[in-house]
file coords.pdb (PDB, C-alpha atoms)
ATOM      1  CA  MET G  18      18.300  18.880  11.960
ATOM      2  CA  PRO G  19      16.698  15.767  10.438
ATOM      3  CA  GLY G  20      18.377  12.377  10.796
ATOM      4  CA  ALA G  21      20.439  10.520   8.234
ATOM      5  CA  SER G  22      18.721  10.463   4.845
ATOM      6  CA  PRO G  23      19.605   9.545   1.269
ATOM      7  CA  LEU G  24      17.964  12.772   0.072
ATOM      8  CA  ALA G  25      20.042  15.914  -0.344
ATOM      9  CA  GLY G  26      17.116  18.153  -1.358
ATOM     10  CA  LEU G  27      14.404  19.423   0.943
ATOM     11  CA  VAL G  28      10.735  18.498   0.955
ATOM     12  CA  GLU G  29       8.562  21.588   0.539
ATOM     13  CA  VAL G  30       5.334  21.498   2.528
ATOM     14  CA  LEU G  31       2.311  22.876   0.653
ATOM     15  CA  PRO G  32      -0.641  24.578   2.335
ATOM     16  CA  SER G  33      -3.568  22.383   3.334
ATOM     17  CA  GLU G  34      -6.894  23.269   4.890
ATOM     18  CA  ASP G  35      -7.512  19.895   6.494
ATOM     19  CA  GLU G  36      -4.899  18.213   8.704
ATOM     20  CA  SER G  37      -5.996  14.763   7.498
ATOM     21  CA  ARG G  38      -5.216  15.686   3.870
ATOM     22  CA  THR G  39      -1.754  17.159   3.444
ATOM     23  CA  ALA G  40       0.549  17.872   0.532
ATOM     24  CA  ALA G  41       4.214  18.403  -0.255
ATOM     25  CA  ARG G  42       6.564  18.742  -3.183
ATOM     26  CA  PHE G  43      10.072  17.515  -3.941
ATOM     27  CA  THR G  44      12.245  18.493  -6.875
ATOM     28  CA  VAL G  45      14.830  15.919  -7.948
ATOM     29  CA  GLN G  46      17.994  17.940  -8.543
ATOM     30  CA  ASP G  47      20.814  16.635 -10.739
ATOM     31  CA  SER G  48      23.030  16.856  -7.660
ATOM     32  CA  GLU G  49      21.077  14.300  -5.581
ATOM     33  CA  THR G  50      23.562  12.116  -3.663
ATOM     34  CA  VAL G  51      22.263   8.762  -4.904
ATOM     35  CA  LEU G  52      22.283   9.491  -8.644
ATOM     36  CA  PRO G  53      25.967   8.847  -9.523
ATOM     37  CA  GLY G  54      25.487   5.257  -8.368
ATOM     38  CA  HIS G  55      21.904   4.739  -9.528
ATOM     39  CA  TYR G  56      22.946   4.322 -12.239
ATOM     40  CA  PRO G  57      26.306   5.359 -13.711
ATOM     41  CA  GLY G  58      25.582   6.991 -17.059
ATOM     42  CA  PHE G  59      21.835   6.649 -16.572
ATOM     43  CA  PRO G  60      20.546   8.503 -13.509
ATOM     44  CA  ILE G  61      17.122   7.385 -12.358
ATOM     45  CA  PHE G  62      15.634   8.303  -8.975
ATOM     46  CA  PRO G  63      15.396   5.068  -6.942
ATOM     47  CA  GLY G  64      12.010   3.738  -5.847
ATOM     48  CA  VAL G  65      13.122   3.689  -2.229
ATOM     49  CA  CYS G  66      13.844   7.419  -2.512
ATOM     50  CA  LEU G  67      10.162   7.914  -3.378
ATOM     51  CA  VAL G  68       9.424   6.125  -0.112
ATOM     52  CA  GLU G  69      11.924   8.412   1.649
ATOM     53  CA  CYS G  70      10.297  11.525   0.094
ATOM     54  CA  THR G  71       6.936  10.312   1.330
ATOM     55  CA  HIS G  72       8.327   9.622   4.803
ATOM     56  CA  LEU G  73       9.885  13.093   5.106
ATOM     57  CA  ALA G  74       6.701  14.695   3.761
ATOM     58  CA  ALA G  75       4.661  12.654   6.255
ATOM     59  CA  VAL G  76       6.854  13.619   9.202
ATOM     60  CA  ALA G  77       6.647  17.292   8.176
ATOM     61  CA  THR G  78       2.843  17.311   7.841
ATOM     62  CA  ALA G  79       1.714  14.772  10.456
ATOM     63  CA  PRO G  80      -1.550  15.723  12.158
ATOM     64  CA  GLY G  81      -1.505  16.512  15.881
ATOM     65  CA  GLY G  82      -1.856  12.965  17.202
ATOM     66  CA  ALA G  83       0.703  11.526  14.798
ATOM     67  CA  LYS G  84       3.463  14.068  15.413
ATOM     68  CA  GLY G  85       6.798  12.631  16.528
ATOM     69  CA  GLY G  86       5.781   9.126  15.458
ATOM     70  CA  GLU G  87       8.265   6.498  14.375
ATOM     71  CA  LEU G  88       8.055   4.766  10.990
ATOM     72  CA  ALA G  89       6.826   1.280  11.871
ATOM     73  CA  ALA G  90       6.038  -0.140   8.443
ATOM     74  CA  VAL G  91       5.863   0.361   4.728
ATOM     75  CA  GLU G  92       2.456  -1.302   4.422
ATOM     76  CA  SER G  93       2.503  -1.177   0.650
ATOM     77  CA  THR G  94       4.104   0.575  -2.277
ATOM     78  CA  ARG G  95       3.582   0.413  -6.011
ATOM     79  CA  PHE G  96       5.954   2.042  -8.433
ATOM     80  CA  THR G  97       4.049   3.050 -11.539
ATOM     81  CA  GLY G  98       6.301   5.435 -13.443
ATOM     82  CA  PRO G  99      10.025   6.255 -13.564
ATOM     83  CA  VAL G 100      11.340   9.462 -11.967
ATOM     84  CA  PHE G 101      14.326  11.285 -13.438
ATOM     85  CA  PRO G 102      16.557  14.214 -12.440
ATOM     86  CA  GLY G 103      14.698  17.471 -13.021
ATOM     87  CA  ASP G 104      11.301  15.938 -12.225
ATOM     88  CA  ARG G 105       9.077  17.613  -9.681
ATOM     89  CA  LEU G 106       7.196  15.220  -7.439
ATOM     90  CA  GLU G 107       3.808  16.208  -6.068
ATOM     91  CA  ILE G 108       2.973  14.238  -2.920
ATOM     92  CA  ALA G 109      -0.677  14.066  -1.797
ATOM     93  CA  MET G 110      -1.245  12.423   1.591
ATOM     94  CA  GLY G 111      -4.294  11.204   3.504
ATOM     95  CA  TRP G 112      -4.057  10.419   7.248
ATOM     96  CA  LYS G 113      -6.060   7.979   9.325
ATOM     97  CA  GLN G 114      -5.659   6.631  12.846
ATOM     98  CA  THR G 115      -5.763   2.832  13.162
ATOM     99  CA  PRO G 116      -7.794   1.029  15.842
ATOM    100  CA  ALA G 117      -4.472   0.186  17.555
ATOM    101  CA  GLY G 118      -3.656   3.882  17.954
ATOM    102  CA  GLU G 119      -1.080   4.010  15.175
ATOM    103  CA  TRP G 120      -1.306   6.352  12.186
ATOM    104  CA  GLN G 121      -1.553   5.411   8.548
ATOM    105  CA  CYS G 122      -0.434   7.770   5.793
ATOM    106  CA  ARG G 123      -1.629   6.951   2.266
ATOM    107  CA  ALA G 124       0.231   8.897  -0.374
ATOM    108  CA  LYS G 125       0.091   9.335  -4.130
ATOM    109  CA  LEU G 126       3.137  10.640  -5.923
ATOM    110  CA  ALA G 127       3.064  12.109  -9.402
ATOM    111  CA  THR G 128       5.429  13.883 -11.770
ATOM    112  CA  GLN G 129       4.533  16.127 -14.691
ATOM    113  CA  ARG G 130       4.240  12.917 -16.803
ATOM    114  CA  GLY G 131       1.694  11.301 -14.479
ATOM    115  CA  ASP G 132       1.554   8.807 -11.628
ATOM    116  CA  ALA G 133       4.884   7.729 -10.145
ATOM    117  CA  ALA G 134       3.950   5.710  -7.056
ATOM    118  CA  THR G 135       1.484   4.945  -4.312
ATOM    119  CA  VAL G 136       2.951   4.579  -0.826
ATOM    120  CA  ARG G 137       1.232   3.531   2.397
ATOM    121  CA  LEU G 138       3.218   4.109   5.593
ATOM    122  CA  ARG G 139       2.381   3.401   9.228
ATOM    123  CA  TYR G 140       3.676   5.314  12.238
ATOM    124  CA  ARG G 141       3.677   4.257  15.874
ATOM    125  CA  PRO G 142       3.986   6.607  18.830
ATOM    126  CA  ARG G 143       7.611   7.018  19.896
ATOM    127  CA  THR G 144       7.649   5.910  23.505
ATOM    128  CA  THR G 145      11.250   5.234  24.486
ATOM    129  CA  ALA G 146      14.669   6.020  23.095
ATOM    130  CA  PRO G 147      15.801   3.441  20.554
ATOM    131  CA  GLU G 148      17.913   0.641  21.939
ATOM    132  CA  VAL G 149      21.508   0.537  20.871
ATOM    133  CA  ALA G 150      22.815  -2.840  19.828
ATOM    134  CA  PRO G 151      25.750  -4.121  21.857
TER
ATOM    135  CA  MET J  22      31.417 -16.821  -0.226
ATOM    136  CA  THR J  23      30.898 -14.256  -2.956
ATOM    137  CA  GLY J  24      32.563 -10.847  -2.960
ATOM    138  CA  GLN J  25      32.317  -7.568  -4.807
ATOM    139  CA  ARG J  26      33.546  -8.907  -8.130
ATOM    140  CA  ASP J  27      30.587 -11.262  -8.495
ATOM    141  CA  ILE J  28      28.113  -8.819  -6.942
ATOM    142  CA  ARG J  29      29.152  -6.091  -9.389
ATOM    143  CA  ALA J  30      28.785  -8.562 -12.240
ATOM    144  CA  ARG J  31      25.094  -8.845 -11.295
ATOM    145  CA  LEU J  32      24.013  -5.413 -10.041
ATOM    146  CA  PRO J  33      24.234  -2.131 -11.981
ATOM    147  CA  HIS J  34      24.343  -0.132  -8.713
ATOM    148  CA  ARG J  35      27.587   1.649  -7.788
ATOM    149  CA  PHE J  36      28.868   4.000  -5.077
ATOM    150  CA  PRO J  37      27.131   5.335  -3.080
ATOM    151  CA  MET J  38      24.155   3.085  -3.890
ATOM    152  CA  LEU J  39      25.758  -0.344  -4.001
ATOM    153  CA  LEU J  40      24.467  -1.616  -0.668
ATOM    154  CA  VAL J  41      25.501  -5.285  -0.665
ATOM    155  CA  ASP J  42      28.985  -6.128   0.617
ATOM    156  CA  ARG J  43      29.178  -9.897   0.497
ATOM    157  CA  VAL J  44      27.078 -12.982  -0.229
ATOM    158  CA  VAL J  45      27.617 -15.721   2.353
ATOM    159  CA  ASP J  46      25.115 -18.321   1.233
ATOM    160  CA  VAL J  47      23.172 -18.959  -1.934
ATOM    161  CA  VAL J  48      20.944 -21.680  -3.268
ATOM    162  CA  PRO J  49      20.180 -20.474  -6.806
ATOM    163  CA  GLY J  50      16.478 -20.076  -7.491
ATOM    164  CA  GLU J  51      15.692 -20.560  -3.817
ATOM    165  CA  ARG J  52      17.447 -18.402  -1.199
ATOM    166  CA  LEU J  53      20.396 -16.127  -0.466
ATOM    167  CA  THR J  54      22.040 -14.549   2.574
ATOM    168  CA  ALA J  55      24.038 -11.344   2.118
ATOM    169  CA  LEU J  56      25.900  -8.990   4.436
ATOM    170  CA  LYS J  57      25.940  -5.199   4.500
ATOM    171  CA  ALA J  58      28.094  -3.317   7.004
ATOM    172  CA  VAL J  59      26.670   0.040   8.058
ATOM    173  CA  THR J  60      29.298   2.748   8.497
ATOM    174  CA  CYS J  61      29.148   6.415   9.409
ATOM    175  CA  ASN J  62      31.304   7.091   6.342
ATOM    176  CA  GLU J  63      28.298   6.655   4.064
ATOM    177  CA  PRO J  64      27.273  10.013   2.560
ATOM    178  CA  TRP J  65      23.890  10.014   4.352
ATOM    179  CA  TYR J  66      25.777  10.890   7.549
ATOM    180  CA  GLU J  67      27.774  13.747   6.069
ATOM    181  CA  LYS J  68      25.610  16.596   7.330
ATOM    182  CA  LEU J  69      25.067  15.342  10.885
ATOM    183  CA  GLY J  70      26.851  17.503  13.443
ATOM    184  CA  PRO J  71      28.097  17.198  17.023
ATOM    185  CA  GLU J  72      24.687  18.042  18.481
ATOM    186  CA  THR J  73      22.897  15.296  16.550
ATOM    187  CA  PRO J  74      21.079  12.935  18.928
ATOM    188  CA  GLU J  75      22.068   9.270  18.735
ATOM    189  CA  GLU J  76      18.730   8.187  17.273
ATOM    190  CA  ASP J  77      19.268  10.432  14.241
ATOM    191  CA  PHE J  78      22.208   8.209  13.275
ATOM    192  CA  ALA J  79      19.794   5.344  12.618
ATOM    193  CA  TYR J  80      20.403   3.934   9.153
ATOM    194  CA  PRO J  81      17.690   5.307   6.831
ATOM    195  CA  LYS J  82      14.901   2.735   6.657
ATOM    196  CA  SER J  83      14.476   3.353   2.944
ATOM    197  CA  LEU J  84      18.085   2.233   2.429
ATOM    198  CA  LEU J  85      17.596  -0.778   4.661
ATOM    199  CA  VAL J  86      14.885  -1.820   2.196
ATOM    200  CA  GLU J  87      17.125  -0.972  -0.790
ATOM    201  CA  SER J  88      19.977  -3.054   0.596
ATOM    202  CA  TRP J  89      17.653  -6.034   1.103
ATOM    203  CA  CYS J  90      16.210  -5.602  -2.391
ATOM    204  CA  GLN J  91      19.666  -5.522  -3.942
ATOM    205  CA  SER J  92      20.374  -8.828  -2.200
ATOM    206  CA  ALA J  93      17.178 -10.140  -3.775
ATOM    207  CA  GLY J  94      18.450  -8.794  -7.091
ATOM    208  CA  VAL J  95      21.650 -10.813  -6.769
ATOM    209  CA  LEU J  96      19.571 -13.943  -6.199
ATOM    210  CA  ALA J  97      17.196 -13.169  -9.079
ATOM    211  CA  THR J  98      20.052 -12.718 -11.545
ATOM    212  CA  TRP J  99      22.354 -15.408 -10.169
ATOM    213  CA  ASP J 100      22.259 -17.634 -13.232
ATOM    214  CA  ASP J 101      21.725 -14.914 -15.812
ATOM    215  CA  PRO J 102      23.579 -11.764 -14.750
ATOM    216  CA  ASN J 103      23.175  -8.455 -16.596
ATOM    217  CA  PRO J 104      24.807  -5.485 -14.850
ATOM    218  CA  ASP J 105      24.058  -3.178 -17.820
ATOM    219  CA  VAL J 106      20.992  -1.070 -17.120
ATOM    220  CA  LEU J 107      21.017   0.257 -20.693
ATOM    221  CA  ASP J 108      20.743  -3.036 -22.514
ATOM    222  CA  GLY J 109      18.896  -6.347 -22.423
ATOM    223  CA  GLN J 110      16.471  -7.243 -19.656
ATOM    224  CA  VAL J 111      16.658  -4.951 -16.615
ATOM    225  CA  MET J 112      15.267  -5.613 -13.176
ATOM    226  CA  LEU J 113      12.640  -3.160 -11.932
ATOM    227  CA  PHE J 114      11.352  -2.794  -8.419
ATOM    228  CA  GLY J 115       7.589  -3.176  -8.884
ATOM    229  CA  SER J 116       5.996  -3.164  -5.451
ATOM    230  CA  MET J 117       6.319  -4.151  -1.816
ATOM    231  CA  THR J 118       3.897  -5.043   0.942
ATOM    232  CA  GLY J 119       4.205  -5.737   4.648
ATOM    233  CA  VAL J 120       7.651  -4.279   5.357
ATOM    234  CA  GLU J 121       7.964  -3.961   9.156
ATOM    235  CA  PHE J 122      10.768  -2.224  11.021
ATOM    236  CA  HIS J 123      11.522  -3.645  14.459
ATOM    237  CA  ARG J 124      14.371  -1.516  15.744
ATOM    238  CA  PRO J 125      16.811   1.134  14.521
ATOM    239  CA  VAL J 126      20.128   0.066  12.968
ATOM    240  CA  LEU J 127      23.193   2.133  13.849
ATOM    241  CA  PRO J 128      26.663   2.568  12.317
ATOM    242  CA  GLY J 129      28.900  -0.349  13.247
ATOM    243  CA  GLU J 130      26.215  -2.978  12.782
ATOM    244  CA  VAL J 131      26.457  -5.711  10.158
ATOM    245  CA  LEU J 132      23.154  -6.507   8.522
ATOM    246  CA  GLU J 133      22.406 -10.038   7.442
ATOM    247  CA  HIS J 134      19.777  -9.990   4.712
ATOM    248  CA  ARG J 135      17.927 -13.263   4.289
ATOM    249  CA  VAL J 136      16.095 -13.482   0.994
ATOM    250  CA  ARG J 137      13.766 -16.270  -0.081
ATOM    251  CA  LEU J 138      12.457 -16.564  -3.618
ATOM    252  CA  ASP J 139       8.774 -17.258  -3.178
ATOM    253  CA  ARG J 140       7.606 -17.562  -6.770
ATOM    254  CA  ARG J 141       8.652 -16.756 -10.302
ATOM    255  CA  VAL J 142       5.844 -16.111 -12.775
ATOM    256  CA  ASP J 143       7.034 -15.338 -16.306
ATOM    257  CA  ASP J 144       9.209 -12.216 -15.944
ATOM    258  CA  THR J 145       8.072 -11.413 -12.413
ATOM    259  CA  VAL J 146       9.781 -12.640  -9.249
ATOM    260  CA  LEU J 147       8.315 -12.547  -5.722
ATOM    261  CA  PHE J 148      10.534 -12.497  -2.632
ATOM    262  CA  GLU J 149      10.128 -12.515   1.131
ATOM    263  CA  GLY J 150      12.509 -12.552   4.069
ATOM    264  CA  GLU J 151      14.067 -10.521   6.829
ATOM    265  CA  SER J 152      17.167  -8.658   7.965
ATOM    266  CA  ARG J 153      18.989  -9.504  11.158
ATOM    267  CA  SER J 154      21.713  -7.828  13.167
ATOM    268  CA  ALA J 155      23.405  -8.938  16.386
ATOM    269  CA  GLY J 156      21.037 -11.896  16.591
ATOM    270  CA  GLU J 157      17.884  -9.794  16.324
ATOM    271  CA  THR J 158      15.417  -9.346  13.495
ATOM    272  CA  VAL J 159      15.483  -5.660  12.545
ATOM    273  CA  MET J 160      13.172  -5.785   9.505
ATOM    274  CA  THR J 161      10.736  -8.284   8.008
ATOM    275  CA  ILE J 162       9.708  -8.230   4.351
ATOM    276  CA  GLY J 163       6.244  -9.574   3.611
ATOM    277  CA  ARG J 164       6.615  -9.439  -0.153
ATOM    278  CA  ILE J 165       8.712  -7.672  -2.764
ATOM    279  CA  VAL J 166       7.881  -7.932  -6.439
ATOM    280  CA  MET J 167      10.528  -7.446  -9.087
ATOM    281  CA  ALA J 168       9.940  -7.486 -12.788
ATOM    282  CA  PHE J 169      12.322  -8.011 -15.672
ATOM    283  CA  ARG J 170      11.592  -5.698 -18.561
ATOM    284  CA  PRO J 171      13.411  -4.545 -21.704
ATOM    285  CA  ALA J 172      15.829  -1.683 -20.917
ATOM    286  CA  GLU J 173      13.836   0.636 -23.223
ATOM    287  CA  THR J 174      11.062   0.624 -20.619
ATOM    288  CA  LEU J 175      13.190   2.934 -18.493
ATOM    289  CA  ARG J 176      13.640   5.622 -21.123
ATOM    290  CA  PRO J 177      12.276   9.040 -20.179
ATOM    291  CA  ALA J 178       9.797   8.828 -23.059
ATOM    292  CA  ALA J 179       8.124   5.789 -21.496
ATOM    293  CA  ALA J 180       4.994   6.670 -19.589
ATOM    294  CA  THR J 181       5.101   3.810 -17.122
ATOM    295  CA  THR J 182       7.400   1.041 -15.992
TER
END

call {"tool": "encode", "arguments": {"input": "coords.pdb", "output": "structure tokens"}}
result
Amino acid sequence: MPGASPLAGLVEVLPSEDESRTAARFTVQDSETVLPGHYPGFPIFPGVCLVECTHLAAVATAPGGAKGGELAAVESTRFTGPVFPGDRLEIAMGWKQTPAGEWQCRAKLATQRGDAATVRLRYRPRTTAPEVAP
Amino acid sequence: MTGQRDIRARLPHRFPMLLVDRVVDVVPGERLTALKAVTCNEPWYEKLGPETPEEDFAYPKSLLVESWCQSAGVLATWDDPNPDVLDGQVMLFGSMTGVEFHRPVLPGEVLEHRVRLDRRVDDTVLFEGESRSAGETVMTIGRIVMAFRPAETLRPAAATT
């Protein structure tokens, strides 16, 4: 069971021959949880949900050394085209280990109309259980 | 202090995606501090069951960013509010860089989003800042870029934003 997420749909992992280049797909259903409020009468898939799609796709396809990592940073993101209900997002990811031992995932997201976003995430090894605030 | 009435007059977001509860400090054109209480009654927690480990109740980081950005949106539109996403100039989330997450945020915490307006160039606004909870910084935002564009830009026929 994955943790709390704004996405109701599931990320579908696509086959890849090289663990440093992975791929996934996400279809934006009309029933996505966020859409009634983003925006009423004009549903548009939020940019941060493209980041969430990328994160879930990254977690599902992380290469051996990056598995179980914790999202440490959104290094950069550019939103280049709107995404609407019914769109199918193709997510192409490239993985690289940083000199500090963290993992960087560079992703390109596209719909049938063209580019939707570029997203660069960084993961750090999960060492201890998260602290709970008092 | 500014409550929901004024926030909803500035943001088009509504349940379950209106992620700013209250504005506690604002200097128009310069900075804003807003609060967002995280609760397990938000729909993102609906499917989590009794066996879910505590760390899986961490507030989704993507929504932490969204909540901060909405606070930035309140600041950006303070003097010229337009909550109608179908008309006039609408605010689009263009890009972000250097967003660092320092620790998980759990239900029961109250986030304090601190937003600083770095620069405004024509119809583009640059922000930076951080989010704090219980006296700790939980997220830092290197830069967020928002752009004001005509509402037509968002139509499905448009190729890009």

call {"tool": "resolve_selection", "arguments": {"input": "coords.pdb", "expression": "the PyMOL selection byres ((chain J) within 7 of (chain G))", "output": "VMD selection string"}}
result
chain J and resid 33 to 38 65 to 66 76 to 81 83 to 84 87 115 to 122 125 175 180 to 182

call {"tool": "resolve_selection", "arguments": {"input": "coords.pdb", "expression": "the PyMOL selection byres ((chain G and resi 143) around 12)", "output": "list in words"}}
result
Gly82, Ala83, Lys84, Gly85, Gly86, Glu87, Leu88, Ala89, Gly118, Glu119, Trp120, Tyr140, Arg141, Pro142, Thr144, Thr145, Ala146 and Pro147 of chain G; Glu76 and Arg124 of chain J

call {"tool": "resolve_selection", "arguments": {"input": "coords.pdb", "expression": "the PyMOL selection byres ((chain G and resi 47) around 7)", "output": "list in words"}}
result
Val45, Gln46, Ser48, Glu49, Pro102 and Gly103 of chain G

call {"tool": "residues_around", "arguments": {"input": "coords.pdb", "residues": "Ala74 in chain G", "least_positions_apart": "5", "cutoff": "9 Å", "atoms": "only C-alpha atoms", "output": "number ranges by chain"}}
result
G: 28-30, 39-43, 69, 79, 108, 110

call {"tool": "residues_around", "arguments": {"input": "coords.pdb", "residues": "Val45 in chain J", "least_positions_apart": "2", "cutoff": "7 Å", "atoms": "all atoms listed in the file", "output": "list in words"}}
result
Met22, Thr23, Arg43, Val47, Thr54 and Ala55 of chain J

call {"tool": "closest_residue", "arguments": {"input": "coords.pdb", "among": "J:Met112, J:Met160, J:Ala30, J:Met167", "to": "Arg141 in chain J", "atoms": "all atoms listed in the file"}}
result
J:Met167

call {"tool": "closest_residue", "arguments": {"input": "coords.pdb", "among": "J:Val126, J:Leu132, J:Leu138, J:Leu107", "to": "Arg176 in chain J", "atoms": "only C-alpha atoms"}}
result
J:Leu107

call {"tool": "residues_around", "arguments": {"input": "coords.pdb", "residues": "range 172-174 of chain J", "least_positions_apart": "2", "cutoff": "7 Å", "atoms": "only C-alpha atoms", "output": "MDAnalysis selection string"}}
result
chainID J and resid 106:111 170 176 179 182

call {"tool": "atom_distance", "arguments": {"input": "coords.pdb", "atom1": "CA of Pro64 in chain J", "atom2": "CA of Phe114 in chain J"}}
result
23.2 Å

call {"tool": "residues_around", "arguments": {"input": "coords.pdb", "residues": "Gly81 in chain G", "least_positions_apart": "6", "cutoff": "12 Å", "atoms": "all atoms listed in the file", "output": "NGL selection string"}}
result
:G and (35-37 or 112-114 or 120 or 142)

call {"tool": "build_atoms", "arguments": {"input": "coords.pdb", "residues": "range 51-75 of chain J", "atoms": "N, CA and C atoms", "output": "mmCIF file, in the frame of the given file"}}
result
data_model
loop_
_atom_site.group_PDB
_atom_site.id
_atom_site.type_symbol
_atom_site.label_atom_id
_atom_site.label_comp_id
_atom_site.auth_asym_id
_atom_site.auth_seq_id
_atom_site.Cartn_x
_atom_site.Cartn_y
_atom_site.Cartn_z
ATOM 1 N N GLU J 51 16.382 -20.267 -5.072
ATOM 2 C CA GLU J 51 15.692 -20.560 -3.817
ATOM 3 C C GLU J 51 15.943 -19.514 -2.728
ATOM 4 N N ARG J 52 17.203 -19.339 -2.295
ATOM 5 C CA ARG J 52 17.447 -18.402 -1.199
ATOM 6 C C ARG J 52 18.868 -17.867 -1.240
ATOM 7 N N LEU J 53 19.073 -16.758 -0.513
ATOM 8 C CA LEU J 53 20.396 -16.127 -0.466
ATOM 9 C C LEU J 53 20.535 -15.377 0.852
ATOM 10 N N THR J 54 21.739 -15.370 1.405
ATOM 11 C CA THR J 54 22.040 -14.549 2.574
ATOM 12 C C THR J 54 23.197 -13.630 2.219
ATOM 13 N N ALA J 55 23.011 -12.329 2.462
ATOM 14 C CA ALA J 55 24.038 -11.344 2.118
ATOM 15 C C ALA J 55 24.304 -10.438 3.315
ATOM 16 N N LEU J 56 25.521 -9.891 3.360
ATOM 17 C CA LEU J 56 25.900 -8.990 4.436
ATOM 18 C C LEU J 56 26.064 -7.567 3.920
ATOM 19 N N LYS J 57 25.729 -6.629 4.794
ATOM 20 C CA LYS J 57 25.940 -5.199 4.500
ATOM 21 C C LYS J 57 26.384 -4.540 5.805
ATOM 22 N N ALA J 58 27.590 -4.013 5.813
ATOM 23 C CA ALA J 58 28.094 -3.317 7.004
ATOM 24 C C ALA J 58 27.683 -1.848 6.928
ATOM 25 N N VAL J 59 27.086 -1.367 8.002
ATOM 26 C CA VAL J 59 26.670 0.040 8.058
ATOM 27 C C VAL J 59 27.807 0.855 8.673
ATOM 28 N N THR J 60 28.212 1.908 7.979
ATOM 29 C CA THR J 60 29.298 2.748 8.497
ATOM 30 C C THR J 60 28.913 4.220 8.433
ATOM 31 N N CYS J 61 29.451 4.974 9.381
ATOM 32 C CA CYS J 61 29.148 6.415 9.409
ATOM 33 C C CYS J 61 29.878 7.158 8.298
ATOM 34 N N ASN J 62 30.668 6.451 7.495
ATOM 35 C CA ASN J 62 31.304 7.091 6.342
ATOM 36 C C ASN J 62 30.416 7.093 5.111
ATOM 37 N N GLU J 63 29.217 6.565 5.199
ATOM 38 C CA GLU J 63 28.298 6.655 4.064
ATOM 39 C C GLU J 63 27.801 8.097 3.967
ATOM 40 N N PRO J 64 27.556 8.577 2.746
ATOM 41 C CA PRO J 64 27.273 10.013 2.560
ATOM 42 C C PRO J 64 26.027 10.504 3.295
ATOM 43 N N TRP J 65 25.122 9.600 3.663
ATOM 44 C CA TRP J 65 23.890 10.014 4.352
ATOM 45 C C TRP J 65 24.194 10.615 5.725
ATOM 46 N N TYR J 66 25.410 10.379 6.224
ATOM 47 C CA TYR J 66 25.777 10.890 7.549
ATOM 48 C C TYR J 66 26.575 12.188 7.480
ATOM 49 N N GLU J 67 26.843 12.635 6.256
ATOM 50 C CA GLU J 67 27.774 13.747 6.069
ATOM 51 C C GLU J 67 27.353 15.021 6.808
ATOM 52 N N LYS J 68 26.050 15.299 6.798
ATOM 53 C CA LYS J 68 25.610 16.596 7.330
ATOM 54 C C LYS J 68 25.309 16.569 8.831
ATOM 55 N N LEU J 69 25.415 15.412 9.467
ATOM 56 C CA LEU J 69 25.067 15.342 10.885
ATOM 57 C C LEU J 69 26.204 15.926 11.729
ATOM 58 N N GLY J 70 25.838 16.793 12.662
ATOM 59 C CA GLY J 70 26.851 17.503 13.443
ATOM 60 C C GLY J 70 26.994 16.977 14.854
ATOM 61 N N PRO J 71 27.793 17.667 15.660
ATOM 62 C CA PRO J 71 28.097 17.198 17.023
ATOM 63 C C PRO J 71 26.892 17.192 17.958
ATOM 64 N N GLU J 72 25.862 17.989 17.613
ATOM 65 C CA GLU J 72 24.687 18.042 18.481
ATOM 66 C C GLU J 72 23.626 17.014 18.084
ATOM 67 N N THR J 73 23.902 16.244 17.044
ATOM 68 C CA THR J 73 22.897 15.296 16.550
ATOM 69 C C THR J 73 22.632 14.207 17.591
ATOM 70 N N PRO J 74 21.363 14.009 17.969
ATOM 71 C CA PRO J 74 21.079 12.935 18.928
ATOM 72 C C PRO J 74 21.362 11.562 18.324
ATOM 73 N N GLU J 75 21.658 10.608 19.182
ATOM 74 C CA GLU J 75 22.068 9.270 18.735
ATOM 75 C C GLU J 75 21.033 8.648 17.791
#
